[in-house]
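Some notes on the structure that comes next.
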Amino acid sequence: MNIEQQMIASGARIRDAMQKLEGAPVKLCVLVDDDGRLVRTVVDGDLRRALLAGLSLDSLVEELPEQGVVSLAEGAPPEAVLRYFQEYPAVSAIVVTNPEGRPTGLIQRKEHEAGILLSPPHMGMRETTYVQKAFEDNWIAPAGPNLAAFEEALKPASGRQHTLALSSGTAAIHLALRVLNIGANDRVYVSDLTFAASLQPILYEKAKPVLINSEPDSWNMSPQALERRLKTDAEAGCLPKAVIVVHLYGQSANLDAILPLTEAYGIPVIEDAAESLGATFGNRASGAHGLMAAFSFNGNKIITTSGGGALVSDREDLIEKARNLATQGRDYAEHYQHSQIAYNYRMSNVLAGIGLGQLELLAQRVERRREIFETYRSHLSEVPGIEFQAEPAGSRGNRWLTVISLDPDEISRHPYQLLRDLRSKGIEEPPGVEADAYATALQGAGF
Ligand SMILES: Cc1ncc(COP(=O)(O)O)c(C=O)c1O
């Protein structure tokens with residue numbers, strides 16, 4: 001933004017200020033004296049009040065009632081900006097001045113409050129075109145050409161032959177469990193370092209989640225921990241009905257080691273690939289290895305449909321069963337007949353249009369996230385006590401989020417302190433969950 005576009009000079013009249021405001025990118029005028037130094041700011045409300053108080057369009061702006069000016073010196077730290085905005089809740093922008101007191105820029109509240117977001121969506125004209133088409137053709141339903149095309153486009157992206165677009169990734173995991181007839185008291189193994197949505201559907205079915213420890217390098221399910229647990233449970237006669245393997249932060253788990261173990265016991269694997277679209281493991285897409293995989297297109301994911309998900313598999317029978325369950329489980333009858341509990345889980349044709357546009361740019365999004373990861377790593381990897389998630393040989397993560405772990409022996413600050421510091425600088429972050437804390441919470445809830 002060019003500050004000149006906001007400036008009015010000494011001697012300007014109310015009419016000039018109004019005209020300036022009309023065309024200015026930010027609805028605020030910056031009045032400067034004959035030396036170009038900041039005198040005050042003027043907004044619409046100041047002019048309206050002045051006219052009501054009896055001034056005219058030809059009155060000088062300098063005749064407006066005096067008012068404090070919110071300005072900051074160039075190079076002021078983000079904390080100072082934040083303090084100003086907190087102190088003056090009505091101020092929409094702060095003028096930045098150089099050492100001579102001349103305005104050099106504006107900091108807008110809306111931009112500052114947006115800060116550095118964790119994983120914002122990126123929308124473009126492609127998405128608008130598909131969505132507009134849905135409106136023009138009146139396909140505002142959980143069916144239609146965008147949905148069919150999105151499911152087609154998901155096939156190469158997920159490396160699967162059959163795809164089902166849904167209202168969320170959580171719905172996809174839930175349907176995977178239902179398709180496998182998992183019910184009350186069945187045990188389901190799940191990676192212990194994950195988001196709650198990997199477990200919630202297990203609880204919907206009153207099944208029992210069993211948390212499997214993660215390995216220190218990839219932060220994903222440890223094949224050794226899985227092997228130990230399978231052996232113990234086989235001996236005790238309580239093997240699980242399924243294993244949910246999470247690909248955390250877009251990095252695939254070690255399926256080369258995990259799948260032979262589960263296959264030896266005949267246990268199906270559901271990949272929770274909610275975060276890993278666009279990643280690869282071996283020479284196949286992440287999500288193309290287990291019996292089924294779930295993806296998420298939530299607003300914070302690498303691509304989004306605002307909210308959405310997909311269940312994918314190479315087994316047509318499983319996806320067709322899930323499709324039926326996702327559409328209220330109607331029986332194959334001419335009339336409405338339903339003989340099972342089912343859901344309204346389909347993605348709408350409008351949202352699939354967003355997904356179609358987003359998928360076209362998936363490869364670029366992955367490259368950009370990987371660049372962001374590299375930027376952080378190049379600046380921070382020498383700091384003792386900071387570790388980045390590894391990318392084991394043969395895998396390529398999408399680096400959906402760049403995450404660090406802190407070694408408490410090396411880093412004296414508590415992680416929450418660090419999070420507060422980041423927040424105070426306008427940087428968004430999610431608090432990490434320690435696996436132990438999660439396990440304790442689950443135990444507290446009776447698991
Ligand atoms: C690991 C993991 N599993 C499942 C989900 C659930 O996806 P959704 O938010 O689309 O329901 C998410 C994302 O939110 C996730 O990160």
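In the structure tokens, chains take letters A, B, ... by order of appearance, with residues numbered from 1 within each chain and ligands from 1 in the order shown.
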
Near segment 33-49 of chain A, within 10 Å and counting only C-alpha atoms, which residues show up once chain neighbours fewer than 6 positions away are dropped, as a PDB file with N, CA, C and O atoms, in the first residue's frame?
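As a result, part05.pdb now contains:
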ATOM      1  N   GLN A   6      -3.052   7.984   0.702  1.00  0.00           N
ATOM      2  CA  GLN A   6      -3.888   8.274   1.877  1.00  0.00           C
ATOM      3  C   GLN A   6      -3.705   9.714   2.350  1.00  0.00           C
ATOM      4  O   GLN A   6      -4.416  10.168   3.231  1.00  0.00           O
ATOM      5  N   MET A   7      -2.713  10.455   1.770  1.00  0.00           N
ATOM      6  CA  MET A   7      -2.311  11.724   2.405  1.00  0.00           C
ATOM      7  C   MET A   7      -3.057  12.942   1.871  1.00  0.00           C
ATOM      8  O   MET A   7      -3.359  13.038   0.687  1.00  0.00           O
ATOM      9  N   ILE A   8      -3.336  13.882   2.794  1.00  0.00           N
ATOM     10  CA  ILE A   8      -3.830  15.202   2.402  1.00  0.00           C
ATOM     11  C   ILE A   8      -2.899  16.228   3.050  1.00  0.00           C
ATOM     12  O   ILE A   8      -2.368  15.988   4.140  1.00  0.00           O
ATOM     13  N   ALA A   9      -2.728  17.353   2.360  1.00  0.00           N
ATOM     14  CA  ALA A   9      -1.750  18.336   2.850  1.00  0.00           C
ATOM     15  C   ALA A   9      -2.446  19.403   3.684  1.00  0.00           C
ATOM     16  O   ALA A   9      -3.672  19.573   3.615  1.00  0.00           O
ATOM     17  N   SER A  10      -1.643  20.114   4.446  1.00  0.00           N
ATOM     18  CA  SER A  10      -2.115  21.251   5.226  1.00  0.00           C
ATOM     19  C   SER A  10      -2.875  22.204   4.278  1.00  0.00           C
ATOM     20  O   SER A  10      -2.454  22.416   3.137  1.00  0.00           O
ATOM     21  N   GLY A  11      -4.009  22.708   4.721  1.00  0.00           N
ATOM     22  CA  GLY A  11      -4.803  23.590   3.868  1.00  0.00           C
ATOM     23  C   GLY A  11      -5.920  22.844   3.150  1.00  0.00           C
ATOM     24  O   GLY A  11      -6.761  23.451   2.484  1.00  0.00           O
ATOM     25  N   ILE A  14     -12.584  19.940   3.964  1.00  0.00           N
ATOM     26  CA  ILE A  14     -13.350  18.719   4.272  1.00  0.00           C
ATOM     27  C   ILE A  14     -13.732  18.016   2.963  1.00  0.00           C
ATOM     28  O   ILE A  14     -13.659  16.797   2.847  1.00  0.00           O
ATOM     29  N   ARG A  15     -14.100  18.800   1.964  1.00  0.00           N
ATOM     30  CA  ARG A  15     -14.454  18.233   0.649  1.00  0.00           C
ATOM     31  C   ARG A  15     -13.283  17.396   0.097  1.00  0.00           C
ATOM     32  O   ARG A  15     -13.481  16.288  -0.394  1.00  0.00           O
ATOM     33  N   ALA A  17     -10.874  15.977   1.770  1.00  0.00           N
ATOM     34  CA  ALA A  17     -10.701  14.760   2.583  1.00  0.00           C
ATOM     35  C   ALA A  17     -11.724  13.712   2.163  1.00  0.00           C
ATOM     36  O   ALA A  17     -11.410  12.513   2.047  1.00  0.00           O
ATOM     37  N   MET A  18     -12.959  14.165   1.914  1.00  0.00           N
ATOM     38  CA  MET A  18     -14.011  13.213   1.504  1.00  0.00           C
ATOM     39  C   MET A  18     -13.652  12.576   0.164  1.00  0.00           C
ATOM     40  O   MET A  18     -13.815  11.374  -0.025  1.00  0.00           O
ATOM     41  N   LEU A  21     -10.922  10.061   0.682  1.00  0.00           N
ATOM     42  CA  LEU A  21     -11.419   8.818   1.295  1.00  0.00           C
ATOM     43  C   LEU A  21     -12.147   7.953   0.265  1.00  0.00           C
ATOM     44  O   LEU A  21     -12.071   6.721   0.322  1.00  0.00           O
ATOM     45  N   GLU A  22     -12.831   8.596  -0.648  1.00  0.00           N
ATOM     46  CA  GLU A  22     -13.594   7.879  -1.665  1.00  0.00           C
ATOM     47  C   GLU A  22     -12.688   6.927  -2.454  1.00  0.00           C
ATOM     48  O   GLU A  22     -13.029   5.775  -2.672  1.00  0.00           O
ATOM     49  N   VAL A  26      -7.370   2.466   1.943  1.00  0.00           N
ATOM     50  CA  VAL A  26      -7.753   2.324   3.362  1.00  0.00           C
ATOM     51  C   VAL A  26      -8.595   3.551   3.699  1.00  0.00           C
ATOM     52  O   VAL A  26      -8.235   4.669   3.326  1.00  0.00           O
ATOM     53  N   LYS A  27      -9.708   3.364   4.390  1.00  0.00           N
ATOM     54  CA  LYS A  27     -10.636   4.484   4.624  1.00  0.00           C
ATOM     55  C   LYS A  27     -10.145   5.359   5.778  1.00  0.00           C
ATOM     56  O   LYS A  27     -10.776   5.471   6.836  1.00  0.00           O
ATOM     57  N   LEU A  55     -19.696  22.745  10.663  1.00  0.00           N
ATOM     58  CA  LEU A  55     -18.654  23.056   9.654  1.00  0.00           C
ATOM     59  C   LEU A  55     -19.217  22.749   8.265  1.00  0.00           C
ATOM     60  O   LEU A  55     -20.194  21.998   8.130  1.00  0.00           O
ATOM     61  N   SER A  56     -18.564  23.318   7.238  1.00  0.00           N
ATOM     62  CA  SER A  56     -19.081  23.078   5.886  1.00  0.00           C
ATOM     63  C   SER A  56     -18.055  22.295   5.071  1.00  0.00           C
ATOM     64  O   SER A  56     -16.918  22.087   5.524  1.00  0.00           O
ATOM     65  N   LEU A  57     -18.435  21.935   3.865  1.00  0.00           N
ATOM     66  CA  LEU A  57     -17.510  21.183   3.003  1.00  0.00           C
ATOM     67  C   LEU A  57     -16.263  22.006   2.693  1.00  0.00           C
ATOM     68  O   LEU A  57     -15.203  21.455   2.397  1.00  0.00           O
ATOM     69  N   VAL A  61      -9.654  21.148   7.128  1.00  0.00           N
ATOM     70  CA  VAL A  61      -9.569  19.929   7.952  1.00  0.00           C
ATOM     71  C   VAL A  61      -8.962  20.278   9.310  1.00  0.00           C
ATOM     72  O   VAL A  61      -9.328  19.703  10.337  1.00  0.00           O
ATOM     73  N   GLU A  62      -8.053  21.256   9.333  1.00  0.00           N
ATOM     74  CA  GLU A  62      -7.423  21.654  10.603  1.00  0.00           C
ATOM     75  C   GLU A  62      -8.437  22.219  11.602  1.00  0.00           C
ATOM     76  O   GLU A  62      -8.152  22.343  12.775  1.00  0.00           O
ATOM     77  N   LEU A  64     -11.171  20.713  12.385  1.00  0.00           N
ATOM     78  CA  LEU A  64     -11.822  19.594  13.091  1.00  0.00           C
ATOM     79  C   LEU A  64     -11.362  19.584  14.543  1.00  0.00           C
ATOM     80  O   LEU A  64     -10.225  19.974  14.837  1.00  0.00           O
ATOM     81  N   PRO A  65     -12.221  19.124  15.473  1.00  0.00           N
ATOM     82  CA  PRO A  65     -11.805  19.062  16.870  1.00  0.00           C
ATOM     83  C   PRO A  65     -10.529  18.232  17.011  1.00  0.00           C
ATOM     84  O   PRO A  65     -10.366  17.225  16.298  1.00  0.00           O
ATOM     85  N   GLU A  66      -9.665  18.669  17.918  1.00  0.00           N
ATOM     86  CA  GLU A  66      -8.369  17.982  18.072  1.00  0.00           C
ATOM     87  C   GLU A  66      -8.552  16.542  18.520  1.00  0.00           C
ATOM     88  O   GLU A  66      -9.531  16.218  19.181  1.00  0.00           O
ATOM     89  N   GLN A  67      -7.557  15.750  18.195  1.00  0.00           N
ATOM     90  CA  GLN A  67      -7.693  14.326  18.484  1.00  0.00           C
ATOM     91  C   GLN A  67      -6.288  13.733  18.583  1.00  0.00           C
ATOM     92  O   GLN A  67      -5.399  14.173  17.869  1.00  0.00           O
ATOM     93  N   GLY A  68      -6.092  12.794  19.485  1.00  0.00           N
ATOM     94  CA  GLY A  68      -4.777  12.143  19.605  1.00  0.00           C
ATOM     95  C   GLY A  68      -4.497  11.333  18.344  1.00  0.00           C
ATOM     96  O   GLY A  68      -5.422  10.846  17.704  1.00  0.00           O
ATOM     97  N   VAL A  69      -3.233  11.241  17.977  1.00  0.00           N
ATOM     98  CA  VAL A  69      -2.884  10.492  16.766  1.00  0.00           C
ATOM     99  C   VAL A  69      -2.221   9.187  17.173  1.00  0.00           C
ATOM    100  O   VAL A  69      -1.309   9.181  17.999  1.00  0.00           O
ATOM    101  N   VAL A  70      -2.696   8.097  16.591  1.00  0.00           N
ATOM    102  CA  VAL A  70      -2.071   6.813  16.887  1.00  0.00           C
ATOM    103  C   VAL A  70      -1.003   6.565  15.827  1.00  0.00           C
ATOM    104  O   VAL A  70      -1.300   6.315  14.668  1.00  0.00           O
ATOM    105  N   SER A  71       0.261   6.699  16.262  1.00  0.00           N
ATOM    106  CA  SER A  71       1.349   6.443  15.314  1.00  0.00           C
ATOM    107  C   SER A  71       2.473   5.695  16.018  1.00  0.00           C
ATOM    108  O   SER A  71       2.574   5.727  17.244  1.00  0.00           O
ATOM    109  N   VAL A  91      -9.507   2.047  16.771  1.00  0.00           N
ATOM    110  CA  VAL A  91      -8.558   2.425  15.714  1.00  0.00           C
ATOM    111  C   VAL A  91      -8.414   1.291  14.705  1.00  0.00           C
ATOM    112  O   VAL A  91      -8.176   0.148  15.069  1.00  0.00           O
ATOM    113  N   SER A  92      -8.606   1.620  13.425  1.00  0.00           N
ATOM    114  CA  SER A  92      -8.535   0.562  12.407  1.00  0.00           C
ATOM    115  C   SER A  92      -7.160   0.486  11.752  1.00  0.00           C
ATOM    116  O   SER A  92      -6.842  -0.489  11.089  1.00  0.00           O
ATOM    117  N   ALA A  93      -6.349   1.565  11.922  1.00  0.00           N
ATOM    118  CA  ALA A  93      -5.009   1.535  11.322  1.00  0.00           C
ATOM    119  C   ALA A  93      -4.068   2.457  12.098  1.00  0.00           C
ATOM    120  O   ALA A  93      -4.507   3.476  12.650  1.00  0.00           O
ATOM    121  N   ILE A  94      -2.814   2.087  12.163  1.00  0.00           N
ATOM    122  CA  ILE A  94      -1.806   2.894  12.851  1.00  0.00           C
ATOM    123  C   ILE A  94      -0.858   3.463  11.788  1.00  0.00           C
ATOM    124  O   ILE A  94      -0.427   2.732  10.882  1.00  0.00           O
ATOM    125  N   VAL A  95      -0.527   4.761  11.931  1.00  0.00           N
ATOM    126  CA  VAL A  95       0.398   5.378  10.974  1.00  0.00           C
ATOM    127  C   VAL A  95       1.835   5.092  11.432  1.00  0.00           C
ATOM    128  O   VAL A  95       2.161   5.245  12.609  1.00  0.00           O
ATOM    129  N   VAL A  96       2.670   4.690  10.501  1.00  0.00           N
ATOM    130  CA  VAL A  96       4.086   4.461  10.808  1.00  0.00           C
ATOM    131  C   VAL A  96       4.862   5.688  10.331  1.00  0.00           C
ATOM    132  O   VAL A  96       4.639   6.166   9.214  1.00  0.00           O
ATOM    133  N   THR A  97       5.753   6.196  11.199  1.00  0.00           N
ATOM    134  CA  THR A  97       6.505   7.405  10.815  1.00  0.00           C
ATOM    135  C   THR A  97       8.009   7.154  10.879  1.00  0.00           C
ATOM    136  O   THR A  97       8.477   6.307  11.645  1.00  0.00           O
ATOM    137  N   ASN A  98       8.754   7.939  10.081  1.00  0.00           N
ATOM    138  CA  ASN A  98      10.217   7.848  10.132  1.00  0.00           C
ATOM    139  C   ASN A  98      10.740   8.771  11.241  1.00  0.00           C
ATOM    140  O   ASN A  98       9.936   9.475  11.883  1.00  0.00           O
ATOM    141  N   GLU A 100      11.932  11.564  11.279  1.00  0.00           N
ATOM    142  CA  GLU A 100      11.538  12.988  11.133  1.00  0.00           C
ATOM    143  C   GLU A 100      10.048  13.188  11.379  1.00  0.00           C
ATOM    144  O   GLU A 100       9.536  14.312  11.275  1.00  0.00           O
ATOM    145  N   GLY A 101       9.337  12.116  11.645  1.00  0.00           N
ATOM    146  CA  GLY A 101       7.891  12.246  11.902  1.00  0.00           C
ATOM    147  C   GLY A 101       7.066  12.232  10.636  1.00  0.00           C
ATOM    148  O   GLY A 101       5.884  12.580  10.643  1.00  0.00           O
ATOM    149  N   ARG A 102       7.656  11.815   9.513  1.00  0.00           N
ATOM    150  CA  ARG A 102       6.909  11.763   8.253  1.00  0.00           C
ATOM    151  C   ARG A 102       6.288  10.374   8.076  1.00  0.00           C
ATOM    152  O   ARG A 102       6.979   9.367   8.300  1.00  0.00           O
ATOM    153  N   PRO A 103       5.034  10.316   7.671  1.00  0.00           N
ATOM    154  CA  PRO A 103       4.388   9.009   7.503  1.00  0.00           C
ATOM    155  C   PRO A 103       5.065   8.185   6.400  1.00  0.00           C
ATOM    156  O   PRO A 103       5.352   8.720   5.323  1.00  0.00           O
ATOM    157  N   THR A 104       5.315   6.917   6.698  1.00  0.00           N
ATOM    158  CA  THR A 104       5.918   6.037   5.677  1.00  0.00           C
ATOM    159  C   THR A 104       5.051   4.807   5.407  1.00  0.00           C
ATOM    160  O   THR A 104       5.318   4.054   4.481  1.00  0.00           O
TER     161      THR A 104
END

At most 8 Å from ligand 1 (only C-alpha atoms and all ligand atoms): residue list as a VMD selection string: chain A and resid 167 to 173 194 to 198 246 to 249 272 to 275 294 to 298 300 to 301 307 to 309

Closest-contact table, segment 230-323 of chain A side, partner segment 111-125 of chain A, 9 Å, counting only C-alpha atoms, as CSV:
residue,atom,partner,partner_atom,distance
A:Gly299,CA,A:Pro121,CA,6.1
A:Asn300,CA,A:Ser119,CA,5.2
A:Lys301,CA,A:Ser119,CA,7.0
A:Ile302,CA,A:Pro121,CA,7.9
A:Ile303,CA,A:Pro121,CA,7.3
A:Thr304,CA,A:Pro121,CA,6.9
A:Ser306,CA,A:Pro121,CA,8.4

Output the selection as a PDB file, in the first residue's frame - all heavy atoms for each residue.
ATOM      1  N   GLY A 299     -10.872 -27.038   6.132  1.00  0.00           N
ATOM      2  CA  GLY A 299     -10.318 -25.745   5.727  1.00  0.00           C
ATOM      3  C   GLY A 299      -8.833 -25.591   5.974  1.00  0.00           C
ATOM      4  O   GLY A 299      -8.177 -24.780   5.324  1.00  0.00           O
ATOM      5  N   ASN A 300      -8.278 -26.325   6.928  1.00  0.00           N
ATOM      6  CA  ASN A 300      -6.862 -26.147   7.249  1.00  0.00           C
ATOM      7  C   ASN A 300      -5.961 -27.135   6.514  1.00  0.00           C
ATOM      8  O   ASN A 300      -4.753 -27.116   6.695  1.00  0.00           O
ATOM      9  CB  ASN A 300      -6.640 -26.298   8.764  1.00  0.00           C
ATOM     10  CG  ASN A 300      -6.982 -27.689   9.265  1.00  0.00           C
ATOM     11  OD1 ASN A 300      -7.348 -28.574   8.492  1.00  0.00           O
ATOM     12  ND2 ASN A 300      -6.868 -27.899  10.562  1.00  0.00           N
ATOM     13  N   LYS A 301      -6.522 -28.014   5.690  1.00  0.00           N
ATOM     14  CA  LYS A 301      -5.711 -29.071   5.081  1.00  0.00           C
ATOM     15  C   LYS A 301      -4.996 -28.564   3.809  1.00  0.00           C
ATOM     16  O   LYS A 301      -5.216 -27.445   3.374  1.00  0.00           O
ATOM     17  CB  LYS A 301      -6.594 -30.286   4.756  1.00  0.00           C
ATOM     18  CG  LYS A 301      -7.123 -30.976   6.013  1.00  0.00           C
ATOM     19  CD  LYS A 301      -6.001 -31.552   6.863  1.00  0.00           C
ATOM     20  CE  LYS A 301      -6.499 -32.313   8.070  1.00  0.00           C
ATOM     21  NZ  LYS A 301      -7.128 -31.501   9.101  1.00  0.00           N
ATOM     22  N   ILE A 302      -4.170 -29.452   3.229  1.00  0.00           N
ATOM     23  CA  ILE A 302      -3.314 -29.007   2.119  1.00  0.00           C
ATOM     24  C   ILE A 302      -4.158 -28.566   0.922  1.00  0.00           C
ATOM     25  O   ILE A 302      -3.799 -27.631   0.217  1.00  0.00           O
ATOM     26  CB  ILE A 302      -2.267 -30.080   1.750  1.00  0.00           C
ATOM     27  CG1 ILE A 302      -1.202 -29.499   0.845  1.00  0.00           C
ATOM     28  CG2 ILE A 302      -2.885 -31.329   1.152  1.00  0.00           C
ATOM     29  CD1 ILE A 302       0.185 -29.869   1.223  1.00  0.00           C
ATOM     30  N   ILE A 303      -5.276 -29.254   0.691  1.00  0.00           N
ATOM     31  CA  ILE A 303      -6.315 -28.674  -0.175  1.00  0.00           C
ATOM     32  C   ILE A 303      -7.631 -28.793   0.578  1.00  0.00           C
ATOM     33  O   ILE A 303      -7.775 -29.642   1.462  1.00  0.00           O
ATOM     34  CB  ILE A 303      -6.429 -29.356  -1.563  1.00  0.00           C
ATOM     35  CG1 ILE A 303      -6.881 -30.803  -1.419  1.00  0.00           C
ATOM     36  CG2 ILE A 303      -5.173 -29.209  -2.376  1.00  0.00           C
ATOM     37  CD1 ILE A 303      -7.551 -31.330  -2.668  1.00  0.00           C
ATOM     38  N   THR A 304      -8.600 -27.964   0.212  1.00  0.00           N
ATOM     39  CA  THR A 304      -9.834 -27.941   1.003  1.00  0.00           C
ATOM     40  C   THR A 304     -11.079 -27.870   0.128  1.00  0.00           C
ATOM     41  O   THR A 304     -11.026 -27.417  -1.020  1.00  0.00           O
ATOM     42  CB  THR A 304      -9.812 -26.744   1.976  1.00  0.00           C
ATOM     43  OG1 THR A 304     -11.000 -26.789   2.762  1.00  0.00           O
ATOM     44  CG2 THR A 304      -9.758 -25.403   1.256  1.00  0.00           C
ATOM     45  N   SER A 306     -13.672 -26.584   1.992  1.00  0.00           N
ATOM     46  CA  SER A 306     -14.167 -25.888   3.190  1.00  0.00           C
ATOM     47  C   SER A 306     -14.383 -26.898   4.300  1.00  0.00           C
ATOM     48  O   SER A 306     -13.828 -26.777   5.370  1.00  0.00           O
ATOM     49  CB  SER A 306     -15.403 -25.026   2.925  1.00  0.00           C
ATOM     50  OG  SER A 306     -16.583 -25.762   2.981  1.00  0.00           O
TER      51      SER A 306
END

According to DSSP computed on the backbone, where in segment 9-61 of chain A is there strand (DSSP E or B)? Give the residues as a list in words.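 Checking each residue of segment 9-61 of chain A, the strand (DSSP E or B) ones are Ala9, Arg13, Cys29, Val30, Leu31, Val32, Leu38, Val39, Arg40, Thr41, Val42 and Leu60 of chain A.
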
Find, counting only C-alpha atoms, the residue in A:Lys231, A:Arg346, A:Arg109, A:His162 that gets nearest to Ala90 of chain A.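 That would be A:Arg109, the residue with the smallest distance to Ala90 of chain A.
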
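For the set A:Pro89, A:Gly23, A:Gly144, A:Gly75, the residue with the smallest atom-to-atom gap to Ser348 of chain A is A:Gly144, counting only C-alpha atoms.
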
Where does DSSP see alpha helix (DSSP H) in segment 48-140 of chain A, if you list the residues as number ranges by chain? A: 48-52, 78-87, 109-114, 125-136

Closest of A:Leu239, A:Leu175, A:Val30, A:Leu154 to Asn344 of chain A, counting only C-alpha atoms, is A:Leu175

For Arg126 of chain A, find every residue with an atom within 12 Å (counting only C-alpha atoms), except residues of its own chain fewer than 3 positions away, and show them as a short mmCIF file (atom, residue, chain, number, x, y, z; two decimals) with N, CA, C and O atoms, in the first residue's frame.
data_model
loop_
_atom_site.label_atom_id
_atom_site.label_comp_id
_atom_site.auth_asym_id
_atom_site.auth_seq_id
_atom_site.Cartn_x
_atom_site.Cartn_y
_atom_site.Cartn_z
N HIS A 122 -6.12 -21.45 0.27
CA HIS A 122 -5.80 -20.58 -0.87
C HIS A 122 -6.85 -20.83 -1.93
O HIS A 122 -6.91 -21.91 -2.48
N MET A 123 -7.65 -19.82 -2.18
CA MET A 123 -8.72 -19.98 -3.18
C MET A 123 -8.36 -19.20 -4.44
O MET A 123 -7.72 -18.16 -4.36
N THR A 129 -15.02 -20.94 -10.82
CA THR A 129 -15.62 -21.39 -12.08
C THR A 129 -16.46 -22.65 -11.86
O THR A 129 -17.60 -22.74 -12.33
N TYR A 130 -15.90 -23.62 -11.14
CA TYR A 130 -16.66 -24.87 -10.91
C TYR A 130 -17.90 -24.62 -10.05
O TYR A 130 -18.97 -25.19 -10.29
N VAL A 131 -17.75 -23.77 -9.03
CA VAL A 131 -18.87 -23.50 -8.13
C VAL A 131 -19.97 -22.76 -8.90
O VAL A 131 -21.16 -23.08 -8.79
N GLN A 132 -19.55 -21.81 -9.72
CA GLN A 132 -20.52 -21.04 -10.51
C GLN A 132 -21.31 -21.97 -11.44
O GLN A 132 -22.51 -21.83 -11.61
N LYS A 133 -20.59 -22.94 -12.00
CA LYS A 133 -21.24 -23.89 -12.91
C LYS A 133 -22.33 -24.67 -12.16
O LYS A 133 -23.43 -24.90 -12.69
N GLY A 353 -16.98 -28.78 -6.29
CA GLY A 353 -16.45 -27.81 -7.27
C GLY A 353 -15.21 -27.13 -6.70
O GLY A 353 -14.21 -26.94 -7.41
N ILE A 354 -15.25 -26.77 -5.41
CA ILE A 354 -14.05 -26.17 -4.79
C ILE A 354 -12.92 -27.19 -4.83
O ILE A 354 -11.79 -26.88 -5.21
N GLY A 355 -13.26 -28.44 -4.50
CA GLY A 355 -12.24 -29.50 -4.46
C GLY A 355 -11.59 -29.71 -5.82
O GLY A 355 -10.38 -29.93 -5.92
N LEU A 356 -12.40 -29.64 -6.89
CA LEU A 356 -11.86 -29.84 -8.24
C LEU A 356 -10.80 -28.79 -8.56
O LEU A 356 -9.72 -29.10 -9.07
N GLY A 357 -11.14 -27.53 -8.24
CA GLY A 357 -10.19 -26.43 -8.49
C GLY A 357 -8.94 -26.60 -7.64
O GLY A 357 -7.81 -26.39 -8.12
N GLN A 358 -9.12 -27.02 -6.38
CA GLN A 358 -7.99 -27.16 -5.47
C GLN A 358 -7.05 -28.29 -5.90
O GLN A 358 -5.83 -28.16 -5.83
N LEU A 359 -7.66 -29.41 -6.34
CA LEU A 359 -6.84 -30.57 -6.71
C LEU A 359 -5.88 -30.24 -7.85
O LEU A 359 -4.78 -30.77 -7.91
N GLU A 360 -6.31 -29.34 -8.73
CA GLU A 360 -5.44 -28.98 -9.87
C GLU A 360 -4.12 -28.38 -9.40
O GLU A 360 -3.13 -28.41 -10.11
N LEU A 361 -4.13 -27.82 -8.18
CA LEU A 361 -2.91 -27.17 -7.69
C LEU A 361 -2.22 -27.96 -6.57
O LEU A 361 -1.33 -27.43 -5.90
#

Arg315 of chain A surroundings by only C-alpha atoms, 10 Å radius, close-in-sequence under 4 positions cut, as JSON, numbers by chain: {"A": [160, 161, 162, 163, 291, 292, 319, 320]}

Requested write-out: N, CA and C atoms of the selected residues, as a CSV table (one decimal), in the first residue's frame:
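Output file part_19.csv is given in full below:
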chain,number,residue,atom,x,y,z
A,160,ARG,N,-5.9,-44.8,-5.9
A,160,ARG,CA,-6.9,-45.8,-5.7
A,160,ARG,C,-7.9,-46.0,-6.8
A,161,GLN,N,-8.5,-47.1,-6.9
A,161,GLN,CA,-9.5,-47.3,-8.0
A,161,GLN,C,-10.9,-46.9,-7.7
A,162,HIS,N,-11.2,-46.8,-6.4
A,162,HIS,CA,-12.6,-46.4,-6.0
A,162,HIS,C,-12.5,-45.3,-4.9
A,163,THR,N,-13.3,-44.3,-5.1
A,163,THR,CA,-13.3,-43.1,-4.2
A,163,THR,C,-14.7,-42.7,-3.9
A,291,LEU,N,-6.1,-51.3,3.4
A,291,LEU,CA,-7.4,-51.8,2.8
A,291,LEU,C,-8.2,-50.6,2.3
A,292,MET,N,-8.2,-49.6,3.2
A,292,MET,CA,-9.0,-48.3,2.9
A,292,MET,C,-8.1,-47.2,3.4
A,319,ILE,N,-16.3,-49.7,-1.0
A,319,ILE,CA,-16.7,-48.3,-1.3
A,319,ILE,C,-18.2,-48.2,-1.6
A,320,GLU,N,-18.7,-49.2,-2.3
A,320,GLU,CA,-20.2,-49.2,-2.5
A,320,GLU,C,-21.0,-49.3,-1.3
